[in-house]
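Raw contents of entry33.cif, mmCIF, C-alpha atoms:
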```
data_entry
loop_
_atom_site.group_PDB
_atom_site.id
_atom_site.type_symbol
_atom_site.label_atom_id
_atom_site.label_comp_id
_atom_site.auth_asym_id
_atom_site.auth_seq_id
_atom_site.Cartn_x
_atom_site.Cartn_y
_atom_site.Cartn_z
ATOM 1 C CA MET A 1400 0.000 0.000 0.000
ATOM 2 C CA ALA A 1401 1.524 3.306 -1.086
ATOM 3 C CA HIS A 1402 -1.120 5.925 -0.349
ATOM 4 C CA THR A 1403 0.131 9.301 0.837
ATOM 5 C CA GLY A 1404 -3.238 10.951 1.287
ATOM 6 C CA ASP A 1405 -3.496 13.772 -1.271
ATOM 7 C CA SER A 1406 -3.055 12.098 -4.638
ATOM 8 C CA PRO A 1407 -5.805 10.233 -6.462
ATOM 9 C CA VAL A 1408 -5.635 6.487 -5.941
ATOM 10 C CA ALA A 1409 -5.575 3.440 -8.179
ATOM 11 C CA LEU A 1410 -6.970 0.305 -6.586
ATOM 12 C CA VAL A 1411 -5.249 -2.817 -7.891
ATOM 13 C CA VAL A 1412 -7.542 -5.757 -7.189
ATOM 14 C CA GLU A 1413 -5.714 -8.943 -8.082
ATOM 15 C CA GLU A 1414 -5.563 -12.310 -6.375
ATOM 16 C CA ASP A 1415 -2.267 -13.316 -7.996
ATOM 17 C CA GLU A 1416 0.482 -11.719 -5.918
ATOM 18 C CA ALA A 1417 2.981 -11.421 -8.797
ATOM 19 C CA ALA A 1418 0.469 -9.702 -11.093
ATOM 20 C CA ARG A 1419 -0.693 -7.451 -8.233
ATOM 21 C CA ASP A 1420 2.898 -6.484 -7.426
ATOM 22 C CA LEU A 1421 3.725 -5.759 -11.090
ATOM 23 C CA ALA A 1422 0.666 -3.535 -11.542
ATOM 24 C CA THR A 1423 1.428 -1.763 -8.264
ATOM 25 C CA VAL A 1424 5.054 -1.063 -9.214
ATOM 26 C CA LEU A 1425 4.026 0.251 -12.634
ATOM 27 C CA ILE A 1426 1.342 2.568 -11.293
ATOM 28 C CA GLU A 1427 3.652 3.859 -8.570
ATOM 29 C CA GLU A 1428 5.624 5.419 -11.454
ATOM 30 C CA THR A 1429 2.607 7.610 -12.297
ATOM 31 C CA ASP A 1430 0.950 10.446 -10.378
ATOM 32 C CA LEU A 1431 -1.491 7.990 -8.793
ATOM 33 C CA ASP A 1432 -1.035 6.497 -5.371
ATOM 34 C CA VAL A 1433 -1.710 2.762 -5.201
ATOM 35 C CA ILE A 1434 -3.673 0.608 -2.826
ATOM 36 C CA ALA A 1435 -3.369 -3.109 -3.569
ATOM 37 C CA CYS A 1436 -6.190 -5.445 -2.628
ATOM 38 C CA SER A 1437 -6.503 -9.190 -3.000
ATOM 39 C CA SER A 1438 -10.320 -9.264 -2.995
ATOM 40 C CA ALA A 1439 -13.322 -7.299 -4.210
ATOM 41 C CA GLU A 1440 -14.493 -6.955 -0.627
ATOM 42 C CA ASP A 1441 -11.215 -5.242 0.365
ATOM 43 C CA ALA A 1442 -11.547 -2.884 -2.612
ATOM 44 C CA LEU A 1443 -15.127 -1.976 -1.699
ATOM 45 C CA ALA A 1444 -14.024 -1.218 1.852
ATOM 46 C CA VAL A 1445 -11.488 1.295 0.473
ATOM 47 C CA LEU A 1446 -14.041 2.846 -1.888
ATOM 48 C CA GLU A 1447 -16.523 3.261 0.949
ATOM 49 C CA ARG A 1448 -14.012 4.892 3.330
ATOM 50 C CA GLY A 1449 -14.502 8.329 1.871
ATOM 51 C CA ASP A 1450 -11.024 9.578 2.818
ATOM 52 C CA VAL A 1451 -9.441 8.628 -0.502
ATOM 53 C CA THR A 1452 -10.186 9.758 -4.029
ATOM 54 C CA VAL A 1453 -10.215 6.615 -6.123
ATOM 55 C CA ALA A 1454 -9.511 7.486 -9.750
ATOM 56 C CA MET A 1455 -9.115 3.978 -11.140
ATOM 57 C CA VAL A 1456 -9.931 0.388 -10.265
ATOM 58 C CA ILE A 1457 -7.970 -2.361 -11.986
ATOM 59 C CA ALA A 1458 -9.599 -5.697 -11.270
ATOM 60 C CA ASP A 1459 -9.028 -9.218 -12.479
ATOM 61 C CA THR A 1460 -12.228 -11.117 -13.231
ATOM 62 C CA HIS A 1461 -10.982 -14.088 -11.209
ATOM 63 C CA LEU A 1462 -11.170 -13.219 -7.526
ATOM 64 C CA SER A 1463 -12.021 -15.497 -4.635
ATOM 65 C CA GLY A 1464 -14.625 -14.391 -2.163
ATOM 66 C CA LYS A 1465 -18.269 -13.572 -2.605
ATOM 67 C CA MET A 1466 -17.648 -11.179 -5.502
ATOM 68 C CA ASP A 1467 -15.536 -11.624 -8.633
ATOM 69 C CA GLY A 1468 -13.934 -8.813 -10.600
ATOM 70 C CA ALA A 1469 -16.804 -8.475 -13.083
ATOM 71 C CA ALA A 1470 -19.293 -8.020 -10.221
ATOM 72 C CA LEU A 1471 -16.929 -5.533 -8.595
ATOM 73 C CA ALA A 1472 -16.747 -3.563 -11.854
ATOM 74 C CA ARG A 1473 -20.557 -3.467 -12.103
ATOM 75 C CA THR A 1474 -20.799 -2.266 -8.494
ATOM 76 C CA VAL A 1475 -18.182 0.437 -9.079
ATOM 77 C CA GLU A 1476 -19.988 1.597 -12.216
ATOM 78 C CA ASP A 1477 -23.276 1.844 -10.326
ATOM 79 C CA ARG A 1478 -21.960 3.545 -7.178
ATOM 80 C CA TRP A 1479 -18.874 5.443 -8.387
ATOM 81 C CA PRO A 1480 -19.415 6.132 -12.107
ATOM 82 C CA GLU A 1481 -16.556 8.661 -12.197
ATOM 83 C CA VAL A 1482 -13.982 5.929 -11.462
ATOM 84 C CA ARG A 1483 -12.065 4.573 -14.465
ATOM 85 C CA LEU A 1484 -12.524 0.812 -14.681
ATOM 86 C CA VAL A 1485 -9.974 -1.569 -16.105
ATOM 87 C CA VAL A 1486 -10.897 -5.250 -16.040
ATOM 88 C CA THR A 1487 -8.339 -7.938 -16.801
ATOM 89 C CA SER A 1488 -8.834 -11.612 -17.512
ATOM 90 C CA GLU A 1489 -7.066 -14.658 -18.841
ATOM 91 C CA ALA A 1490 -10.408 -15.896 -20.128
ATOM 92 C CA ARG A 1491 -11.428 -15.509 -23.725
ATOM 93 C CA GLU A 1492 -13.749 -12.795 -24.979
ATOM 94 C CA GLU A 1493 -16.881 -14.270 -23.328
ATOM 95 C CA ARG A 1494 -16.027 -12.482 -20.066
ATOM 96 C CA ARG A 1495 -16.360 -9.116 -21.816
ATOM 97 C CA THR A 1496 -20.149 -9.415 -21.765
ATOM 98 C CA GLU A 1497 -20.031 -9.554 -17.948
ATOM 99 C CA ILE A 1498 -18.303 -6.205 -17.475
ATOM 100 C CA PRO A 1499 -19.823 -2.726 -17.753
ATOM 101 C CA PRO A 1500 -19.815 -1.175 -21.230
ATOM 102 C CA HIS A 1501 -17.532 1.731 -20.300
ATOM 103 C CA ALA A 1502 -14.928 -0.489 -18.602
ATOM 104 C CA VAL A 1503 -11.654 -1.056 -20.427
ATOM 105 C CA TYR A 1504 -10.985 -4.756 -20.987
ATOM 106 C CA MET A 1505 -7.385 -5.965 -21.056
ATOM 107 C CA ARG A 1506 -6.685 -9.602 -21.732
ATOM 108 C CA LYS A 1507 -3.895 -11.121 -19.661
ATOM 109 C CA PRO A 1508 -1.031 -10.963 -20.019
ATOM 110 C CA TRP A 1509 -1.561 -7.232 -20.446
ATOM 111 C CA LEU A 1510 1.119 -4.902 -21.719
ATOM 112 C CA PRO A 1511 2.708 -2.616 -19.098
ATOM 113 C CA LEU A 1512 2.469 0.368 -21.463
ATOM 114 C CA GLU A 1513 -1.289 -0.122 -21.812
ATOM 115 C CA LEU A 1514 -1.723 -0.180 -18.041
ATOM 116 C CA LEU A 1515 0.322 3.029 -17.789
ATOM 117 C CA ARG A 1516 -1.879 4.650 -20.453
ATOM 118 C CA GLN A 1517 -4.986 3.803 -18.459
ATOM 119 C CA ALA A 1518 -3.409 5.209 -15.293
ATOM 120 C CA GLU A 1519 -2.555 8.444 -17.095
ATOM 121 C CA ARG A 1520 -6.120 8.793 -18.386
ATOM 122 C CA ALA A 1521 -7.455 8.219 -14.863
ATOM 123 C CA THR A 1522 -5.066 10.860 -13.506
ATOM 124 C CA LEU A 1523 -6.182 13.437 -16.079
ATOM 125 C CA THR A 1524 -9.856 12.748 -15.343
ATOM 126 C CA ALA A 1525 -9.303 13.008 -11.583
ATOM 127 C CA ARG A 1526 -7.475 16.333 -11.967
ATOM 128 C CA ALA A 1527 -10.251 17.732 -14.128
ATOM 129 C CA ALA A 1528 -12.921 16.882 -11.533
#
```
Please lay out the structure from this file as structure tokens.
Amino acid sequence: MAHTGDSPVALVVEEDEAARDLATVLIEETDLDVIACSSAEDALAVLERGDVTVAMVIADTHLSGKMDGAALARTVEDRWPEVRLVVTSEAREERRTEIPPHAVYMRKPWLPLELLRQAERATLTARAA
């Protein structure tokens, strides 16, 4: 967790520790702070805190717990529509129908540059708000 308090935050929601760590390290190179979560429930707890400005949620579709990443993305779209959503998956295209229409879908393994582009777009949107 690398949240300093003033910067907008990217939530990295990934069960796989290596993928979570890679996404966290990449986003730490941007203007976003990062909070890493291993479950949708942990991510929702951060979103509901109210003391952080979440600019982006990056969630894998495969998460253990009561909620998977597609359900998390739908919840974020409903409750926090200003948050940029990036959904990742190793599954084929069929998972795309389960995520909100405005979410960005990135098939795993995603390219680091693409993740950085999404983080930059989230930063610009957060600054404009």
Counting only C-alpha atoms, closest pick from A:Arg1448, A:Lys1507, A:Val1433, A:Trp1479 relative to Asp1415 in chain A is A:Lys1507
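Among the candidate residues A:Ala1409, A:Leu1446, A:Asp1477, A:Ala1525, the one lying nearest to Ala1422 in chain A is A:Ala1409, with distances computed using all atoms listed in the file.
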Result set of the PyMOL selection byres ((chain A and resi 1429) around 10) on the coordinates above, as a PyMOL selection string: chain A and resi 1424-1428+1430-1433+1515-1516+1518-1519+1522
Can you list, as a PyMOL selection string, the residues that the PyMOL selection byres ((chain A and resi 1453-1465) around 7) selects here?
chain A and resi 1407-1414+1438+1446+1451-1452+1466-1469+1482-1488+1521-1522+1525
Where is the centre and how long are the edges: axis-aligned box on range 1460-1466 of chain A, 3 Å on each side, Å to one decimal, as lines of an AutoDock Vina configuration file:
```
center_x = -14.6
center_y = -13.3
center_z = -7.7
size_x = 13.3
size_y = 10.4
size_z = 17.1
```
Separating CA of Glu1497 in chain A from CA of Val1475 in chain A, to the nearest tenth of an Å, is a gap of 13.5 Å
Shortest contact to Ala1472 in chain A, candidates A:Val1503, A:Ala1490, A:Val1445, A:Leu1510, atoms counted all atoms listed in the file, goes to A:Val1503
* At what distance in Å, to one decimal, does CA of Pro1508 in chain A lie from CA of Ala1444 in chain A? ->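 Computed distance, CA of Ala1444 in chain A to CA of Pro1508 in chain A, equals 27.2 Å.
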Saving range 1509-1528 of chain A with C-alpha atoms, as a PDB file, in the first residue's frame, what would that file be?
```
ATOM      1  CA  TRP A1509      -1.561  -7.232 -20.446  1.00  0.00           C
ATOM      2  CA  LEU A1510       1.119  -4.902 -21.719  1.00  0.00           C
ATOM      3  CA  PRO A1511       2.708  -2.616 -19.098  1.00  0.00           C
ATOM      4  CA  LEU A1512       2.469   0.368 -21.463  1.00  0.00           C
ATOM      5  CA  GLU A1513      -1.289  -0.122 -21.812  1.00  0.00           C
ATOM      6  CA  LEU A1514      -1.723  -0.180 -18.041  1.00  0.00           C
ATOM      7  CA  LEU A1515       0.322   3.029 -17.789  1.00  0.00           C
ATOM      8  CA  ARG A1516      -1.879   4.650 -20.453  1.00  0.00           C
ATOM      9  CA  GLN A1517      -4.986   3.803 -18.459  1.00  0.00           C
ATOM     10  CA  ALA A1518      -3.409   5.209 -15.293  1.00  0.00           C
ATOM     11  CA  GLU A1519      -2.555   8.444 -17.095  1.00  0.00           C
ATOM     12  CA  ARG A1520      -6.120   8.793 -18.386  1.00  0.00           C
ATOM     13  CA  ALA A1521      -7.455   8.219 -14.863  1.00  0.00           C
ATOM     14  CA  THR A1522      -5.066  10.860 -13.506  1.00  0.00           C
ATOM     15  CA  LEU A1523      -6.182  13.437 -16.079  1.00  0.00           C
ATOM     16  CA  THR A1524      -9.856  12.748 -15.343  1.00  0.00           C
ATOM     17  CA  ALA A1525      -9.303  13.008 -11.583  1.00  0.00           C
ATOM     18  CA  ARG A1526      -7.475  16.333 -11.967  1.00  0.00           C
ATOM     19  CA  ALA A1527     -10.251  17.732 -14.128  1.00  0.00           C
ATOM     20  CA  ALA A1528     -12.921  16.882 -11.533  1.00  0.00           C
TER      21      ALA A1528
END
```
